[in-house]
$ cat protein_39.cif   # mmCIF, C-alpha atoms
data_coords
#
loop_
_atom_site.label_atom_id
_atom_site.label_comp_id
_atom_site.auth_asym_id
_atom_site.auth_seq_id
_atom_site.Cartn_x
_atom_site.Cartn_y
_atom_site.Cartn_z
CA MET A 296 -75.37 -67.64 -23.82
CA LEU A 297 -77.64 -69.26 -26.39
CA HIS A 298 -75.94 -67.43 -29.25
CA HIS A 299 -72.55 -68.57 -27.93
CA ALA A 300 -73.75 -72.18 -27.61
CA ARG A 301 -75.10 -72.24 -31.17
CA ARG A 302 -72.02 -70.54 -32.62
CA HIS A 303 -69.56 -72.84 -30.90
CA ALA A 304 -71.78 -75.96 -31.02
CA SER A 305 -71.02 -76.65 -27.38
CA ASP A 306 -72.14 -79.91 -25.81
CA GLU A 307 -73.39 -78.27 -22.65
CA GLU A 308 -74.63 -74.85 -21.60
CA SER A 309 -74.74 -73.76 -17.98
CA GLY A 310 -76.47 -70.95 -16.18
CA ASP A 311 -77.06 -69.83 -12.64
CA ARG A 312 -80.52 -69.70 -11.18
CA THR A 313 -81.72 -66.16 -11.16
CA LYS A 314 -83.53 -64.27 -8.42
CA PRO A 315 -87.15 -65.43 -8.38
CA LEU A 316 -89.51 -63.08 -10.19
CA GLY A 317 -92.60 -64.10 -8.30
CA PRO A 318 -95.24 -66.49 -9.63
CA VAL A 319 -97.16 -64.07 -11.86
CA LYS A 320 -94.17 -62.33 -13.47
CA GLU A 321 -92.37 -65.64 -13.89
CA ARG A 322 -95.39 -67.22 -15.59
CA LEU A 323 -95.86 -64.22 -17.91
CA LEU A 324 -92.22 -63.37 -18.61
CA GLY A 325 -90.38 -66.58 -17.85
CA SER A 326 -87.00 -66.71 -16.15
CA VAL A 327 -83.58 -66.56 -17.76
CA SER A 328 -82.80 -70.07 -16.52
CA HIS A 329 -85.99 -71.50 -17.97
CA ARG A 330 -85.52 -69.73 -21.32
CA ILE A 331 -82.02 -71.20 -21.55
CA LEU A 332 -83.35 -74.62 -20.59
CA THR A 333 -86.08 -74.37 -23.23
CA LEU A 334 -84.14 -72.83 -26.11
CA ALA A 335 -80.59 -74.17 -25.80
CA PRO A 336 -79.68 -76.53 -28.65
CA CYS A 337 -77.70 -78.77 -26.30
CA ALA A 338 -77.89 -80.36 -22.85
CA THR A 339 -78.19 -77.65 -20.19
CA LEU A 340 -76.81 -77.62 -16.65
CA ILE A 341 -78.54 -75.20 -14.30
CA VAL A 342 -76.56 -74.75 -11.10
CA ASN A 343 -78.03 -73.33 -7.90
CA GLY A 344 -74.92 -73.46 -5.72
CA PRO A 345 -71.55 -75.17 -5.44
CA VAL A 346 -71.28 -78.31 -7.55
CA LYS A 347 -70.14 -81.41 -5.69
CA ALA A 348 -69.27 -84.89 -6.85
CA MET A 349 -72.24 -86.39 -8.64
CA LYS A 350 -73.11 -89.81 -7.34
CA GLN A 351 -76.87 -89.94 -6.63
CA ILE A 352 -79.04 -88.88 -9.59
CA PRO A 353 -82.80 -89.19 -10.01
CA LEU A 354 -83.99 -89.46 -13.62
CA PRO A 355 -87.73 -88.87 -14.11
CA LEU A 356 -89.20 -90.46 -17.24
CA GLU A 357 -92.71 -89.90 -18.56
CA GLY A 358 -92.84 -92.65 -21.16
CA PRO A 359 -90.97 -94.59 -23.85
CA SER A 360 -89.86 -91.50 -25.81
CA ASP A 361 -88.30 -90.00 -22.65
CA SER A 362 -86.67 -93.34 -21.91
CA GLU A 363 -85.15 -93.58 -25.39
CA ALA A 364 -83.86 -89.99 -25.23
CA ALA A 365 -82.34 -90.61 -21.78
CA ILE A 366 -80.61 -93.80 -22.92
CA ARG A 367 -79.22 -92.02 -26.02
CA PHE A 368 -77.91 -89.21 -23.79
CA LEU A 369 -76.41 -91.60 -21.22
CA GLN A 370 -74.71 -93.67 -23.93
CA LEU A 371 -72.51 -90.59 -24.46
CA LYS A 372 -71.13 -91.26 -20.95
CA PRO A 373 -71.57 -87.68 -19.65
CA PHE A 374 -70.33 -88.56 -16.14
CA HIS A 375 -66.65 -89.22 -15.48
CA GLU A 376 -67.27 -91.09 -12.24
CA ALA A 377 -69.74 -93.89 -11.51
CA VAL A 378 -73.22 -92.64 -10.64
CA GLU A 379 -76.32 -94.29 -9.24
CA LEU A 380 -79.44 -93.51 -11.23
CA THR A 381 -82.91 -93.71 -9.72
CA LEU A 382 -85.29 -93.83 -12.66
CA MET A 383 -88.73 -92.67 -11.70
CA THR A 384 -92.09 -92.31 -13.31
CA VAL A 385 -95.00 -90.50 -11.72
CA LEU A 386 -98.58 -91.48 -12.29
CA PRO A 387 -100.84 -88.47 -11.66
CA TRP A 388 -103.29 -89.15 -8.88
CA THR A 389 -105.99 -87.20 -7.08
CA GLU A 390 -108.91 -88.38 -5.01
CA PRO A 391 -111.94 -88.90 -7.27
CA PRO A 392 -114.85 -86.50 -6.67
CA TRP A 393 -117.51 -89.22 -6.84
CA PRO A 394 -118.96 -91.46 -4.08
CA SER A 395 -116.72 -93.75 -2.07
CA GLY A 396 -117.88 -96.95 -3.83
CA ALA A 397 -116.45 -95.62 -7.10
CA ALA A 398 -113.28 -94.57 -5.31
CA ALA A 399 -112.40 -98.23 -4.68
CA ALA A 400 -112.69 -98.97 -8.42
CA ALA A 401 -110.53 -95.94 -9.21
CA ALA A 402 -107.92 -97.10 -6.68
CA ALA A 403 -107.88 -100.57 -8.27
CA ALA A 404 -107.39 -99.02 -11.72
CA ALA A 405 -104.58 -96.84 -10.34
CA THR A 406 -102.89 -99.91 -8.85
CA GLU A 407 -103.03 -101.67 -12.22
CA MET A 408 -101.60 -98.62 -14.02
CA LEU A 409 -98.89 -98.31 -11.37
CA GLU A 410 -97.89 -101.95 -11.97
CA LYS A 411 -97.57 -101.26 -15.72
CA GLN A 412 -95.50 -98.13 -15.02
CA THR A 413 -93.29 -100.18 -12.68
CA GLU A 414 -92.65 -102.69 -15.49
CA PHE A 415 -91.79 -99.82 -17.86
CA ILE A 416 -89.41 -98.09 -15.44
CA GLU A 417 -87.69 -101.34 -14.39
CA GLY A 418 -87.18 -102.21 -18.08
CA ALA A 419 -85.51 -98.84 -18.67
CA ALA A 420 -83.30 -99.40 -15.60
CA GLU A 421 -82.26 -102.82 -16.93
CA ARG A 422 -81.23 -101.24 -20.25
CA LEU A 423 -79.06 -98.69 -18.40
CA CYS A 424 -77.50 -101.47 -16.30
CA ALA A 425 -76.64 -103.24 -19.56
CA ILE A 426 -74.54 -100.23 -20.67
CA GLY A 427 -72.68 -99.98 -17.38
CA TYR A 428 -74.79 -97.82 -15.08
CA LYS A 429 -76.01 -98.70 -11.60
CA ALA A 430 -79.73 -98.05 -11.97
CA HIS A 431 -83.04 -99.00 -10.43
CA GLY A 432 -86.60 -97.86 -11.07
CA VAL A 433 -89.48 -96.62 -8.97
CA ALA A 434 -93.07 -95.77 -9.93
CA LEU A 435 -94.92 -93.24 -7.77
CA LEU A 436 -98.37 -91.70 -7.46
CA GLY A 437 -98.69 -87.91 -7.23
CA THR A 438 -97.86 -84.78 -9.18
CA ALA A 439 -94.64 -85.00 -11.17
CA PRO A 440 -92.80 -81.89 -9.89
CA THR A 441 -93.70 -82.62 -6.26
CA MET A 442 -92.64 -86.26 -6.43
CA ILE A 443 -89.41 -85.48 -8.32
CA LEU A 444 -88.42 -82.89 -5.73
CA GLN A 445 -89.44 -85.17 -2.86
CA GLU A 446 -87.38 -88.06 -4.28
CA ALA A 447 -84.39 -85.78 -4.87
CA THR A 448 -84.55 -84.61 -1.25
CA THR A 449 -85.03 -88.14 0.12
CA LEU A 450 -82.08 -89.47 -1.89
CA LYS A 451 -79.93 -86.43 -1.03
CA SER A 452 -79.38 -86.16 -4.78
CA ASP A 453 -76.34 -84.44 -6.23
CA LEU A 454 -78.10 -83.71 -9.54
CA ILE A 455 -81.50 -84.16 -11.18
CA LEU A 456 -81.21 -85.42 -14.75
CA MET A 457 -84.33 -84.84 -16.82
CA GLY A 458 -85.61 -84.53 -20.34
CA THR A 459 -87.32 -81.40 -21.56
CA ARG A 460 -89.57 -80.94 -24.57
CA GLY A 461 -89.04 -77.21 -24.87
CA ARG A 462 -92.69 -76.14 -24.89
CA LYS A 463 -93.07 -72.55 -25.96
CA GLY A 464 -95.72 -69.89 -26.13
CA ILE A 465 -99.27 -70.56 -25.09
CA THR A 466 -98.78 -74.32 -24.54
CA CYS A 467 -96.19 -73.63 -21.84
CA PHE A 468 -98.43 -70.98 -20.29
CA VAL A 469 -101.53 -73.18 -20.26
CA LEU A 470 -100.01 -76.61 -19.64
CA GLY A 471 -97.00 -75.58 -17.57
CA SER A 472 -93.74 -77.42 -17.52
CA THR A 473 -92.43 -80.06 -15.13
CA SER A 474 -88.84 -78.98 -15.79
CA HIS A 475 -89.78 -75.37 -15.03
CA ALA A 476 -91.44 -76.32 -11.73
CA VAL A 477 -88.49 -78.50 -10.72
CA LEU A 478 -85.90 -75.94 -11.81
CA HIS A 479 -87.16 -73.24 -9.48
CA LYS A 480 -87.51 -75.41 -6.37
CA THR A 481 -84.67 -77.89 -6.79
CA PRO A 482 -82.38 -78.74 -3.88
CA CYS A 483 -79.53 -79.48 -6.34
CA PRO A 484 -78.35 -78.72 -9.90
CA VAL A 485 -80.50 -79.83 -12.84
CA LEU A 486 -79.06 -81.28 -16.07
CA ALA A 487 -81.67 -81.22 -18.82
CA PHE A 488 -81.41 -82.93 -22.19
CA HIS A 489 -83.86 -82.60 -25.08
CA SER A 490 -86.23 -85.53 -25.30
#
$ encode --input "protein_39.cif" --output "structure tokens"
Amino acid sequence: MLHHARRHASDEESGDRTKPLGPVKERLLGSVSHRILTLAPCATLIVNGPVKAMKQIPLPLEGPSDSEAAIRFLQLKPFHEAVELTLMTVLPWTEPPWPSGAAAAAAAAATEMLEKQTEFIEGAAERLCAIGYKAHGVALLGTAPTMILQEATTLKSDLILMGTRGRKGITCFVLGSTSHAVLHKTPCPVLAFHS
């Protein structure tokens, strides 16, 4: 598929989710879907079942570079019908291991960071509204894959649109990949663009 995409310079590559390998084999060998997602030179649609009309789409963004890449991609008008985009950013959060007095200070710092992330995500939503999309932003606390999947389920999403950096080799093994985690547990298709 990748050879075909490069040779024909296609705008989009699609693949079906494959049978799960199990956590150890998948981490060591990778899956076909994730290799396509990582190596394809174009936007990639991974489909896990019948495709329905796409109306409700969460768009997780990690920071300004993701936001810029998403806006560039969406300026190409990849959807024929109107869609509603829920831009989301996830601030990692765990309970601090120190005494409870310090926990209050950590919670206050998290609240301040969450406010800044809310400003960022609402600004990105405003930019998408300016180019004709219905969009709103939400900032959440938690782990990115879990919160993305939870939001997709809550919204009854038709598609998850997300950027991917295409980590390879040891960095993917050690650091993991949000797109990889989402891809293998998603309740709907995933459309990934390079950010």
$ atom_distance --input "protein_39.cif" --atom1 "atom CA of Tyr428 of chain A" --atom2 "atom CA of Val378 of chain A"
7.0 Å
$ residues_around --input "protein_39.cif" --residues "segment 418-421 of chain A" --least-positions-apart "6" --cutoff "6 Å" --atoms "all atoms listed in the file" --output "list in words"
Ala430, His431 and Gly432 of chain A
$ resolve_selection --input "protein_39.cif" --expression "the PyMOL selection byres ((chain A and resi 439-451) around 6)" --output "list in words"
Val385, Thr438, Ser452, Thr473 and Val477 of chain A
$ closest_residue --input "protein_39.cif" --among "A:Leu456, A:Glu357, A:Val346, A:Arg367" --to "Thr381 of chain A" --atoms "all atoms listed in the file"
A:Leu456
$ residues_around --input "protein_39.cif" --residues "Pro353 of chain A" --least-positions-apart "3" --cutoff "6 Å" --atoms "all atoms listed in the file" --output "list of chain:residue names"
A:Leu380, A:Thr381, A:Leu382, A:Ile455
$ closest_residue --input "protein_39.cif" --among "A:Ala405, A:Lys372, A:Arg460, A:Gln351" --to "Ser472 of chain A" --atoms "all atoms listed in the file"
A:Arg460
$ resolve_selection --input "protein_39.cif" --expression "the PyMOL selection byres ((chain A and resi 435) around 7)" --output "number ranges by chain"
A: 384-386, 433-434, 436-437
$ atom_distance --input "protein_39.cif" --atom1 "atom CA of Phe374 of chain A" --atom2 "atom CA of Val342 of chain A"
16.0 Å
$ build_atoms --input "protein_39.cif" --residues "segment 413-443 of chain A" --atoms "N, CA and C atoms" --output "JSON list (two decimals), in the coordinates of the input"
[["chain", "number", "residue", "atom", "x", "y", "z"],
["A", 413, "THR", "N", -94.44, -99.55, -13.35],
["A", 413, "THR", "CA", -93.29, -100.18, -12.68],
["A", 413, "THR", "C", -92.55, -101.08, -13.66],
["A", 414, "GLU", "N", -93.28, -101.85, -14.46],
["A", 414, "GLU", "CA", -92.65, -102.69, -15.49],
["A", 414, "GLU", "C", -91.86, -101.83, -16.47],
["A", 415, "PHE", "N", -92.47, -100.73, -16.92],
["A", 415, "PHE", "CA", -91.79, -99.82, -17.86],
["A", 415, "PHE", "C", -90.50, -99.27, -17.26],
["A", 416, "ILE", "N", -90.56, -98.76, -16.03],
["A", 416, "ILE", "CA", -89.41, -98.09, -15.44],
["A", 416, "ILE", "C", -88.31, -99.10, -15.10],
["A", 417, "GLU", "N", -88.69, -100.30, -14.67],
["A", 417, "GLU", "CA", -87.69, -101.34, -14.39],
["A", 417, "GLU", "C", -87.02, -101.81, -15.68],
["A", 418, "GLY", "N", -87.77, -101.86, -16.78],
["A", 418, "GLY", "CA", -87.18, -102.21, -18.08],
["A", 418, "GLY", "C", -86.16, -101.18, -18.52],
["A", 419, "ALA", "N", -86.46, -99.91, -18.32],
["A", 419, "ALA", "CA", -85.51, -98.84, -18.67],
["A", 419, "ALA", "C", -84.26, -98.94, -17.79],
["A", 420, "ALA", "N", -84.45, -99.25, -16.51],
["A", 420, "ALA", "CA", -83.30, -99.40, -15.60],
["A", 420, "ALA", "C", -82.42, -100.57, -16.03],
["A", 421, "GLU", "N", -83.03, -101.66, -16.45],
["A", 421, "GLU", "CA", -82.26, -102.82, -16.93],
["A", 421, "GLU", "C", -81.42, -102.45, -18.16],
["A", 422, "ARG", "N", -81.99, -101.66, -19.05],
["A", 422, "ARG", "CA", -81.23, -101.24, -20.25],
["A", 422, "ARG", "C", -80.02, -100.38, -19.87],
["A", 423, "LEU", "N", -80.19, -99.51, -18.85],
["A", 423, "LEU", "CA", -79.06, -98.69, -18.40],
["A", 423, "LEU", "C", -78.02, -99.54, -17.68],
["A", 424, "CYS", "N", -78.45, -100.55, -16.94],
["A", 424, "CYS", "CA", -77.50, -101.47, -16.30],
["A", 424, "CYS", "C", -76.68, -102.20, -17.36],
["A", 425, "ALA", "N", -77.32, -102.52, -18.47],
["A", 425, "ALA", "CA", -76.64, -103.24, -19.56],
["A", 425, "ALA", "C", -75.53, -102.40, -20.20],
["A", 426, "ILE", "N", -75.61, -101.07, -20.09],
["A", 426, "ILE", "CA", -74.54, -100.23, -20.67],
["A", 426, "ILE", "C", -73.60, -99.68, -19.60],
["A", 427, "GLY", "N", -73.67, -100.29, -18.39],
["A", 427, "GLY", "CA", -72.68, -99.98, -17.38],
["A", 427, "GLY", "C", -73.08, -99.05, -16.25],
["A", 428, "TYR", "N", -74.34, -98.68, -16.17],
["A", 428, "TYR", "CA", -74.79, -97.82, -15.08],
["A", 428, "TYR", "C", -75.39, -98.64, -13.95],
["A", 429, "LYS", "N", -75.27, -98.14, -12.73],
["A", 429, "LYS", "CA", -76.01, -98.70, -11.60],
["A", 429, "LYS", "C", -77.34, -97.96, -11.59],
["A", 430, "ALA", "N", -78.43, -98.70, -11.83],
["A", 430, "ALA", "CA", -79.73, -98.05, -11.97],
["A", 430, "ALA", "C", -80.83, -98.93, -11.41],
["A", 431, "HIS", "N", -81.84, -98.30, -10.86],
["A", 431, "HIS", "CA", -83.04, -99.00, -10.43],
["A", 431, "HIS", "C", -84.23, -98.06, -10.69],
["A", 432, "GLY", "N", -85.43, -98.65, -10.74],
["A", 432, "GLY", "CA", -86.60, -97.86, -11.07],
["A", 432, "GLY", "C", -87.61, -97.84, -9.95],
["A", 433, "VAL", "N", -88.41, -96.78, -9.95],
["A", 433, "VAL", "CA", -89.48, -96.62, -8.97],
["A", 433, "VAL", "C", -90.64, -95.91, -9.66],
["A", 434, "ALA", "N", -91.86, -96.41, -9.41],
["A", 434, "ALA", "CA", -93.07, -95.77, -9.93],
["A", 434, "ALA", "C", -93.83, -95.20, -8.74],
["A", 435, "LEU", "N", -94.28, -93.95, -8.88],
["A", 435, "LEU", "CA", -94.92, -93.24, -7.77],
["A", 435, "LEU", "C", -96.26, -92.65, -8.20],
["A", 436, "LEU", "N", -97.11, -92.40, -7.23],
["A", 436, "LEU", "CA", -98.37, -91.70, -7.46],
["A", 436, "LEU", "C", -98.23, -90.28, -6.94],
["A", 437, "GLY", "N", -98.72, -89.30, -7.68],
["A", 437, "GLY", "CA", -98.69, -87.91, -7.23],
["A", 437, "GLY", "C", -98.56, -86.96, -8.40],
["A", 438, "THR", "N", -98.13, -85.73, -8.11],
["A", 438, "THR", "CA", -97.86, -84.78, -9.18],
["A", 438, "THR", "C", -96.37, -84.83, -9.49],
["A", 439, "ALA", "N", -96.02, -84.79, -10.76],
["A", 439, "ALA", "CA", -94.64, -85.00, -11.17],
["A", 439, "ALA", "C", -93.65, -84.07, -10.48],
["A", 440, "PRO", "N", -93.81, -82.75, -10.53],
["A", 440, "PRO", "CA", -92.80, -81.89, -9.89],
["A", 440, "PRO", "C", -92.64, -82.18, -8.40],
["A", 441, "THR", "N", -93.76, -82.37, -7.70],
["A", 441, "THR", "CA", -93.70, -82.62, -6.26],
["A", 441, "THR", "C", -92.96, -83.92, -5.97],
["A", 442, "MET", "N", -93.27, -84.97, -6.69],
["A", 442, "MET", "CA", -92.64, -86.26, -6.43],
["A", 442, "MET", "C", -91.17, -86.27, -6.83],
["A", 443, "ILE", "N", -90.82, -85.57, -7.91],
["A", 443, "ILE", "CA", -89.41, -85.48, -8.32],
["A", 443, "ILE", "C", -88.61, -84.77, -7.24]]
